[in-house]
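*Asks:* Just so it is clear, I am handing over start_11.txt, which has compact mmCIF, C-alpha atoms and all ligand atoms.
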```txt
# COMPACT_ATOMS: atom_id res chain seq x y z
CA MET W 1 22.14 -39.16 16.88
CA PRO W 2 22.19 -35.38 16.43
CA SER W 3 23.97 -34.41 13.24
CA THR W 4 26.21 -31.64 12.08
CA LEU W 5 26.60 -30.18 8.63
CA ASP W 6 30.00 -29.23 7.31
CA VAL W 7 30.41 -27.58 3.92
CA ARG W 8 34.00 -26.91 2.83
CA GLN W 9 35.28 -24.89 -0.08
CA LEU W 10 32.19 -25.60 -2.15
CA GLN W 11 32.50 -24.53 -5.74
CA LYS W 12 30.00 -24.58 -8.59
CA ASP W 13 30.76 -23.52 -12.15
CA TYR W 14 28.38 -23.72 -15.06
CA THR W 15 29.71 -24.03 -18.58
CA THR W 16 27.64 -22.17 -21.13
CA ALA W 17 28.06 -21.29 -24.79
CA ASP W 18 29.53 -17.95 -23.70
CA GLY W 19 32.09 -19.50 -21.36
CA SER W 20 32.22 -20.51 -17.74
CA LEU W 21 30.08 -19.03 -14.96
CA SER W 22 31.50 -19.28 -11.47
CA ILE W 23 28.53 -19.25 -9.07
CA LEU W 24 29.85 -20.64 -5.77
CA ARG W 25 33.47 -19.81 -5.07
CA GLY W 26 34.84 -21.74 -2.11
CA LEU W 27 31.85 -21.48 0.21
CA ASP W 28 32.23 -22.67 3.82
CA LEU W 29 29.41 -23.41 6.27
CA SER W 30 29.30 -25.30 9.56
CA MET W 31 26.15 -26.04 11.50
CA ASP W 32 25.82 -27.68 14.90
CA PRO W 33 22.94 -30.03 15.72
CA GLY W 34 19.57 -28.28 15.83
CA GLU W 35 20.73 -24.97 14.34
CA ALA W 36 18.61 -22.86 11.98
CA LEU W 37 20.06 -20.58 9.31
CA ALA W 38 18.35 -18.14 6.95
CA ILE W 39 20.08 -17.28 3.68
CA THR W 40 19.33 -14.13 1.71
CA GLY W 41 21.01 -12.63 -1.33
CA PRO W 42 20.20 -11.12 -4.70
CA SER W 43 18.51 -13.07 -7.46
CA GLY W 44 21.08 -15.14 -9.30
CA SER W 45 23.58 -15.14 -6.42
CA GLY W 46 23.44 -18.94 -6.13
CA LYS W 47 21.04 -19.61 -3.23
CA SER W 48 19.06 -22.37 -4.97
CA THR W 49 22.31 -23.78 -6.38
CA LEU W 50 23.66 -24.05 -2.82
CA LEU W 51 20.54 -25.83 -1.51
CA TYR W 52 20.57 -28.26 -4.44
CA LEU W 53 24.21 -29.11 -3.74
CA ILE W 54 23.71 -29.53 0.02
CA GLY W 55 20.65 -31.69 -0.70
CA ALA W 56 22.65 -33.84 -3.15
CA LEU W 57 20.30 -32.94 -6.01
CA ASP W 58 23.25 -31.58 -8.01
CA THR W 59 27.02 -32.18 -7.90
CA PRO W 60 29.66 -29.58 -6.99
CA SER W 61 32.60 -28.62 -9.21
CA ALA W 62 34.83 -28.87 -6.11
CA GLY W 63 34.56 -29.02 -2.35
CA THR W 64 32.87 -31.31 0.16
CA VAL W 65 29.56 -31.61 1.98
CA THR W 66 29.41 -33.75 5.11
CA LEU W 67 26.11 -34.49 6.82
CA ALA W 68 25.71 -37.05 9.58
CA GLY W 69 29.28 -38.13 8.88
CA GLN W 70 28.66 -38.86 5.20
CA ASP W 71 29.70 -37.04 2.02
CA PRO W 72 26.91 -37.81 -0.46
CA PHE W 73 29.24 -37.21 -3.40
CA GLN W 74 31.43 -40.14 -2.33
CA LEU W 75 28.44 -42.51 -2.51
CA ASN W 76 27.26 -44.51 -5.49
CA GLU W 77 23.95 -43.62 -7.12
CA SER W 78 21.69 -45.88 -5.08
CA GLN W 79 23.41 -44.99 -1.80
CA GLN W 80 23.01 -41.34 -2.74
CA ALA W 81 19.29 -41.80 -3.36
CA GLN W 82 19.00 -43.46 0.05
CA PHE W 83 20.97 -40.61 1.63
CA ARG W 84 18.56 -38.05 0.12
CA ASN W 85 15.54 -40.02 1.17
CA ARG W 86 16.69 -40.53 4.77
CA GLN W 87 18.60 -37.38 5.56
CA ILE W 88 17.09 -34.58 3.49
CA GLY W 89 13.71 -32.86 3.48
CA PHE W 90 13.37 -30.41 0.60
CA ILE W 91 10.71 -27.71 0.31
CA PHE W 92 10.67 -26.23 -3.18
CA GLN W 93 9.61 -22.69 -3.96
CA ASP W 94 6.54 -23.83 -5.88
CA HIS W 95 5.59 -26.82 -3.70
CA HIS W 96 6.01 -29.51 -6.46
CA LEU W 97 2.98 -31.48 -5.27
CA LEU W 98 1.61 -34.16 -7.58
CA PRO W 99 -1.71 -32.86 -8.92
CA GLN W 100 -3.30 -36.28 -9.40
CA CYS W 101 -2.65 -37.36 -5.80
CA THR W 102 -4.57 -36.38 -2.69
CA VAL W 103 -3.05 -34.36 0.14
CA LEU W 104 -2.50 -37.53 2.19
CA GLU W 105 -0.92 -39.40 -0.74
CA ASN W 106 1.41 -36.49 -1.49
CA VAL W 107 2.71 -36.54 2.08
CA ILE W 108 3.21 -40.32 2.11
CA ILE W 109 5.09 -40.54 -1.22
CA PRO W 110 8.65 -40.24 0.25
CA THR W 111 7.94 -43.20 2.56
CA LEU W 112 7.26 -45.50 -0.39
CA VAL W 113 10.97 -45.67 -1.25
CA GLY W 114 12.20 -46.96 2.09
CA VAL W 115 10.44 -48.94 4.77
CA GLN W 116 8.50 -46.68 7.09
CA ASP W 117 6.07 -48.09 9.57
CA ASN W 118 2.95 -46.11 10.35
CA ALA W 119 3.50 -43.67 7.49
CA GLU W 120 -0.18 -42.88 7.20
CA ILE W 121 -0.58 -42.27 10.92
CA ARG W 122 2.40 -39.96 10.91
CA ALA W 123 1.15 -38.16 7.78
CA ARG W 124 -2.21 -37.57 9.46
CA GLU W 125 -0.46 -36.26 12.58
CA LEU W 126 1.66 -33.83 10.56
CA LEU W 127 -1.32 -32.64 8.51
CA THR W 128 -3.32 -32.10 11.70
CA ARG W 129 -0.40 -30.17 13.11
CA VAL W 130 -0.49 -27.74 10.16
CA GLY W 131 -4.28 -27.39 10.32
CA LEU W 132 -5.15 -29.54 7.31
CA ALA W 133 -6.82 -32.53 8.99
CA GLU W 134 -10.06 -31.83 7.15
CA ARG W 135 -8.36 -31.58 3.75
CA ILE W 136 -6.50 -34.88 3.47
CA GLY W 137 -8.68 -36.21 0.63
CA HIS W 138 -8.45 -33.04 -1.45
CA ARG W 139 -6.24 -32.53 -4.51
CA PRO W 140 -3.64 -29.74 -4.60
CA SER W 141 -5.79 -27.79 -7.08
CA GLN W 142 -8.49 -27.51 -4.40
CA LEU W 143 -6.11 -25.82 -1.94
CA SER W 144 -4.83 -22.27 -1.56
CA GLY W 145 -1.14 -21.46 -2.08
CA GLY W 146 -0.44 -21.40 1.66
CA GLU W 147 -2.25 -24.70 2.17
CA ARG W 148 -0.24 -26.35 -0.62
CA GLN W 149 2.96 -25.08 0.93
CA ARG W 150 1.90 -26.57 4.29
CA VAL W 151 1.39 -29.94 2.55
CA ALA W 152 4.89 -29.58 1.08
CA VAL W 153 6.27 -28.96 4.59
CA CYS W 154 4.60 -32.19 5.82
CA ARG W 155 5.98 -34.15 2.86
CA ALA W 156 9.48 -32.85 3.60
CA LEU W 157 9.17 -33.97 7.24
CA ILE W 158 7.56 -37.39 6.80
CA ASN W 159 10.86 -39.32 6.84
CA ARG W 160 12.19 -37.37 9.85
CA PRO W 161 15.07 -35.79 7.93
CA THR W 162 18.30 -34.73 9.57
CA LEU W 163 18.31 -31.57 7.49
CA LEU W 164 15.40 -29.53 6.20
CA LEU W 165 16.15 -27.36 3.16
CA ALA W 166 13.56 -24.74 2.23
CA ASP W 167 13.92 -22.71 -0.98
CA GLU W 168 11.85 -19.55 -0.58
CA PRO W 169 9.00 -21.47 1.08
CA THR W 170 7.02 -18.26 1.56
CA GLY W 171 7.86 -16.68 -1.81
CA ASN W 172 4.36 -16.83 -3.24
CA LEU W 173 2.42 -16.16 -0.06
CA ASP W 174 0.89 -13.10 1.55
CA ARG W 175 2.55 -11.67 4.65
CA SER W 176 0.42 -13.35 7.30
CA THR W 177 0.43 -16.78 5.62
CA ALA W 178 4.19 -16.41 5.18
CA ALA W 179 4.52 -15.73 8.91
CA VAL W 180 2.54 -18.91 9.70
CA ILE W 181 4.79 -21.07 7.48
CA GLY W 182 7.88 -19.40 8.97
CA SER W 183 6.68 -20.14 12.52
CA LEU W 184 5.92 -23.73 11.57
CA LEU W 185 9.45 -24.29 10.24
CA LEU W 186 11.09 -22.67 13.27
CA ASP W 187 8.86 -24.53 15.76
CA LEU W 188 9.64 -27.87 14.10
CA ASN W 189 13.34 -27.05 14.12
CA ARG W 190 13.24 -26.27 17.85
CA GLU W 191 11.09 -29.25 18.82
CA GLN W 192 12.71 -31.94 16.67
CA LYS W 193 16.25 -30.52 16.55
CA THR W 194 16.16 -30.84 12.76
CA LEU W 195 18.84 -28.74 11.08
CA LEU W 196 17.12 -26.04 9.05
CA ILE W 197 18.37 -23.91 6.17
CA CYS W 198 15.87 -21.53 4.65
CA VAL W 199 16.45 -19.34 1.61
CA THR W 200 14.24 -16.29 1.65
CA HIS W 201 13.81 -12.83 0.15
CA SER W 202 11.87 -11.80 3.25
CA LEU W 203 13.97 -9.91 5.77
CA ASP W 204 11.06 -10.28 8.25
CA LEU W 205 11.49 -14.04 8.08
CA ALA W 206 15.31 -14.01 8.03
CA GLU W 207 15.42 -11.93 11.21
CA ARG W 208 13.49 -14.59 13.10
CA PHE W 209 16.29 -17.10 12.53
CA PRO W 210 19.09 -17.51 15.10
CA ARG W 211 21.63 -17.42 12.25
CA HIS W 212 21.43 -15.30 9.13
CA GLY W 213 23.85 -15.26 6.20
CA GLN W 214 24.02 -13.56 2.83
CA LEU W 215 25.38 -14.98 -0.41
CA GLU W 216 27.94 -12.54 -1.77
CA ASP W 217 30.43 -13.24 -4.54
CA GLY W 218 29.89 -16.98 -4.22
CA LYS W 219 30.51 -17.10 -0.47
CA LEU W 220 28.32 -17.01 2.61
CA VAL W 221 28.81 -13.93 4.78
CA GLU W 222 27.19 -14.25 8.20
CA ASN W 223 25.87 -11.43 10.31
CA ARG W 224 26.73 -12.76 13.75
N1 LIG W 301 22.13 -25.24 -15.48
C1 LIG W 301 22.61 -23.98 -15.50
N2 LIG W 301 23.39 -23.56 -16.51
C2 LIG W 301 23.92 -22.31 -16.53
N3 LIG W 301 23.72 -21.40 -15.57
C3 LIG W 301 22.92 -21.76 -14.53
C4 LIG W 301 22.33 -23.06 -14.44
N4 LIG W 301 21.60 -23.13 -13.30
C5 LIG W 301 21.74 -21.91 -12.70
N5 LIG W 301 22.52 -21.09 -13.44
C6 LIG W 301 22.93 -19.72 -13.11
O1 LIG W 301 23.48 -19.71 -11.81
C7 LIG W 301 23.16 -18.50 -11.15
C8 LIG W 301 22.60 -18.81 -9.77
O2 LIG W 301 21.32 -19.41 -9.90
P1 LIG W 301 20.42 -19.74 -8.63
O3 LIG W 301 19.18 -20.34 -9.16
O4 LIG W 301 21.22 -20.51 -7.66
O5 LIG W 301 20.17 -18.25 -8.05
P2 LIG W 301 19.28 -17.80 -6.81
O6 LIG W 301 20.18 -17.06 -5.88
O7 LIG W 301 18.53 -18.97 -6.27
O8 LIG W 301 18.29 -16.75 -7.49
P3 LIG W 301 16.72 -16.44 -7.19
O9 LIG W 301 16.70 -15.54 -5.96
O10 LIG W 301 16.29 -15.71 -8.41
O11 LIG W 301 16.00 -17.73 -6.99
C9 LIG W 301 22.20 -17.75 -12.05
O12 LIG W 301 22.92 -16.74 -12.71
C10 LIG W 301 21.74 -18.80 -13.03
O13 LIG W 301 21.46 -18.24 -14.28
MG MG W 302 16.48 -19.50 -6.26
```
For this file, write the structure as structure tokens.
Ligand SMILES: Nc1ncnc2c1ncn2[C@@H]1O[C@H](COP(=O)(O)OP(=O)(O)OP(=O)(O)O)[C@@H](O)[C@H]1O
Ligand SMILES: [Mg+2]
*Replies:*
Amino acid sequence: MPSTLDVRQLQKDYTTADGSLSILRGLDLSMDPGEALAITGPSGSGKSTLLYLIGALDTPSAGTVTLAGQDPFQLNESQQAQFRNRQIGFIFQDHHLLPQCTVLENVIIPTLVGVQDNAEIRARELLTRVGLAERIGHRPSQLSGGERQRVAVCRALINRPTLLLADEPTGNLDRSTAAVIGSLLLDLNREQKTLLICVTHSLDLAERFPRHGQLEDGKLVENR
């Protein structure tokens, strides 16, 4: 069933030795099934914090996140892990691939938690799709930065997530490789109707997204 994302009055404060830092201040965001949103904003404005909260990798100080009818913060720990595994695909800025595993193994890892038939077949299909069919037995250290990021994209997609969260997926790449990764994310979003949120410093990339918002003073301001 196609899913919507609804973020209401999301707040995140960090307590430090010097006092309290208020990073997200009542942020609202609604996305309809299949939508794609790019988020820009200055360093330190809270973009990664927002993705971590939406992906249930961190807990908010206040507010709600509802994805596919569920608020992950109302779930117990094991239900929350299952929610992350089934609903969320996360692409980290620096790929986070396991160095000791091959390309194929890295892509299959998220399927080991739940039951997923044909994981290897699907992993091979995804890797072929991103042009890495010949590299499946290689280790991450044998790949270029753009190739590693493509593996990370496949890993994020292996469980057919409802929502794909990408934190500066093209941050470390040259312009043309960045454009390839950007096209890949947008094509997958259009074809599979996966919700997509992509944080980026690249205005070139942000402009290719149907929706584009900026984090300002702890809120999302959209240029519609
Ligand atoms: N655990 C923490 N404790 C205290 N402050 C934190 C913590 N994690 C993040 N912050 C602060 O929250 C703010 C937002 O961080 P965040 O990583 O979300 O920014 P960002 O917009 O992703 O920046 P960048 O573009 O540099 O990646 C920063 O000022 C950061 O120092
Ligand atoms: Mg960040």
*Asks:* Mind pulling up the distance from atom CA of Gln82 of chain W to atom P1 of ligand LIG 301 (chain W)?
*Replies:* 25.3 Å
*Asks:* Do you have the atom CA of Leu21 of chain W-atom C2 of ligand LIG 301 (chain W) distance handy?
*Replies:*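 About the pair atom CA of Leu21 of chain W and atom C2 of ligand LIG 301 (chain W): they are 7.2 Å apart.
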*Asks:* Could you tell me which of W:Glu168, W:Glu77, W:Asp187, W:Asp174 comes closest to His201 of chain W if we count all atoms listed in the file?
*Replies:* W:Glu168
*Asks:* Give the residues close to ligand MG 302 (chain W), within 8 Å, counting only C-alpha atoms and all ligand atoms; write them as an NGL selection string.
*Replies:* :W and (43-44 or 46-49 or 93 or 167-168 or 199)
*Asks:* Take the residues from that selection and write them out as a short mmCIF file (atom, residue, chain, number, x, y, z; two decimals), keeping the file's coordinate frame, keeping C-alpha atoms.
*Replies:*
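File out00.cif, as written:
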```cif
data_model
loop_
_atom_site.label_atom_id
_atom_site.label_comp_id
_atom_site.auth_asym_id
_atom_site.auth_seq_id
_atom_site.Cartn_x
_atom_site.Cartn_y
_atom_site.Cartn_z
CA SER W 43 18.51 -13.07 -7.46
CA GLY W 44 21.08 -15.14 -9.30
CA GLY W 46 23.44 -18.94 -6.13
CA LYS W 47 21.04 -19.61 -3.23
CA SER W 48 19.06 -22.37 -4.97
CA THR W 49 22.31 -23.78 -6.38
CA GLN W 93 9.61 -22.69 -3.96
CA ASP W 167 13.92 -22.71 -0.98
CA GLU W 168 11.85 -19.55 -0.58
CA VAL W 199 16.45 -19.34 1.61
#
```
*Asks:* Would you please work out which residue, of W:Gly89, W:Gly26, W:Pro169, W:Gly146, is nearest to ligand LIG 301 (chain W) when using all atoms listed in the file?
*Replies:*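 Among W:Gly89, W:Gly26, W:Pro169, W:Gly146, it is W:Pro169 that comes nearest to ligand LIG 301 (chain W).
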*Asks:* Please check which protein, DNA or RNA residues sit within 12 Å of ligand LIG 301 (chain W), counting all atoms listed in the file, and write them as a PyMOL selection string.
*Replies:* chain W and resi 11-25+39-53+58-59+92-94+166-169+171+198-202+214-220
*Asks:* Let me make sure I understand: among W:Thr111, W:Thr128, W:Asn118, W:Gln149, which one has the smallest atom-to-atom distance to Arg86 of chain W if we use only C-alpha atoms?
*Replies:* W:Thr111
*Asks:* Please produce segment 87-117 of chain W, completed to N, CA and C atoms, as a compact mmCIF listing (two decimals), in the frame of the given file.
*Replies:*
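So out02.txt came out as:
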```txt
# COMPACT_ATOMS: atom_id res chain seq x y z
N GLN W 87 18.00 -38.51 4.84
CA GLN W 87 18.60 -37.38 5.56
C GLN W 87 18.00 -36.02 5.20
N ILE W 88 17.44 -35.90 3.99
CA ILE W 88 17.09 -34.58 3.49
C ILE W 88 15.59 -34.40 3.33
N GLY W 89 15.07 -33.28 3.82
CA GLY W 89 13.71 -32.86 3.48
C GLY W 89 13.83 -31.60 2.66
N PHE W 90 13.20 -31.57 1.49
CA PHE W 90 13.37 -30.41 0.60
C PHE W 90 12.00 -29.76 0.35
N ILE W 91 11.93 -28.46 0.62
CA ILE W 91 10.71 -27.71 0.31
C ILE W 91 11.04 -26.78 -0.84
N PHE W 92 10.39 -27.01 -1.98
CA PHE W 92 10.67 -26.23 -3.18
C PHE W 92 9.84 -24.95 -3.17
N GLN W 93 10.30 -23.98 -3.94
CA GLN W 93 9.61 -22.69 -3.96
C GLN W 93 8.15 -22.85 -4.40
N ASP W 94 7.92 -23.69 -5.41
CA ASP W 94 6.54 -23.83 -5.88
C ASP W 94 5.99 -25.22 -5.55
N HIS W 95 6.14 -25.61 -4.33
CA HIS W 95 5.59 -26.82 -3.70
C HIS W 95 5.84 -28.16 -4.39
N HIS W 96 5.79 -28.24 -5.74
CA HIS W 96 6.01 -29.51 -6.46
C HIS W 96 5.14 -30.65 -5.95
N LEU W 97 3.88 -30.39 -5.65
CA LEU W 97 2.98 -31.48 -5.27
C LEU W 97 2.48 -32.17 -6.53
N LEU W 98 2.14 -33.45 -6.42
CA LEU W 98 1.61 -34.16 -7.58
C LEU W 98 0.12 -33.88 -7.69
N PRO W 99 -0.32 -33.31 -8.82
CA PRO W 99 -1.71 -32.86 -8.92
C PRO W 99 -2.73 -33.98 -8.87
N GLN W 100 -2.33 -35.18 -9.34
CA GLN W 100 -3.30 -36.28 -9.40
C GLN W 100 -3.47 -36.99 -8.06
N CYS W 101 -2.60 -36.69 -7.10
CA CYS W 101 -2.65 -37.36 -5.80
C CYS W 101 -3.35 -36.48 -4.77
N THR W 102 -3.94 -37.15 -3.76
CA THR W 102 -4.57 -36.38 -2.69
C THR W 102 -3.49 -35.80 -1.77
N VAL W 103 -3.94 -34.95 -0.87
CA VAL W 103 -3.05 -34.36 0.14
C VAL W 103 -2.33 -35.46 0.91
N LEU W 104 -3.09 -36.44 1.40
CA LEU W 104 -2.50 -37.53 2.19
C LEU W 104 -1.48 -38.31 1.36
N GLU W 105 -1.84 -38.64 0.12
CA GLU W 105 -0.92 -39.40 -0.74
C GLU W 105 0.37 -38.62 -1.01
N ASN W 106 0.22 -37.31 -1.25
CA ASN W 106 1.41 -36.49 -1.49
C ASN W 106 2.39 -36.55 -0.32
N VAL W 107 1.85 -36.54 0.89
CA VAL W 107 2.71 -36.54 2.08
C VAL W 107 3.39 -37.89 2.27
N ILE W 108 2.69 -38.96 1.88
CA ILE W 108 3.21 -40.32 2.11
C ILE W 108 4.25 -40.75 1.05
N ILE W 109 4.23 -40.10 -0.11
CA ILE W 109 5.09 -40.54 -1.22
C ILE W 109 6.55 -40.83 -0.83
N PRO W 110 7.23 -39.94 -0.07
CA PRO W 110 8.65 -40.24 0.25
C PRO W 110 8.83 -41.52 1.07
N THR W 111 7.79 -41.99 1.73
CA THR W 111 7.94 -43.20 2.56
C THR W 111 7.85 -44.46 1.70
N LEU W 112 7.43 -44.32 0.45
CA LEU W 112 7.26 -45.50 -0.39
C LEU W 112 8.60 -46.06 -0.84
N VAL W 113 9.65 -45.23 -0.80
CA VAL W 113 10.97 -45.67 -1.25
C VAL W 113 11.62 -46.57 -0.21
N GLY W 114 11.62 -46.14 1.04
CA GLY W 114 12.20 -46.96 2.09
C GLY W 114 11.10 -47.68 2.84
N VAL W 115 11.46 -48.30 3.95
CA VAL W 115 10.44 -48.94 4.77
C VAL W 115 10.12 -47.98 5.91
N GLN W 116 8.89 -47.58 6.01
CA GLN W 116 8.50 -46.68 7.09
C GLN W 116 7.20 -47.18 7.67
N ASP W 117 7.28 -47.62 8.93
CA ASP W 117 6.07 -48.09 9.57
C ASP W 117 5.19 -46.90 9.89
```
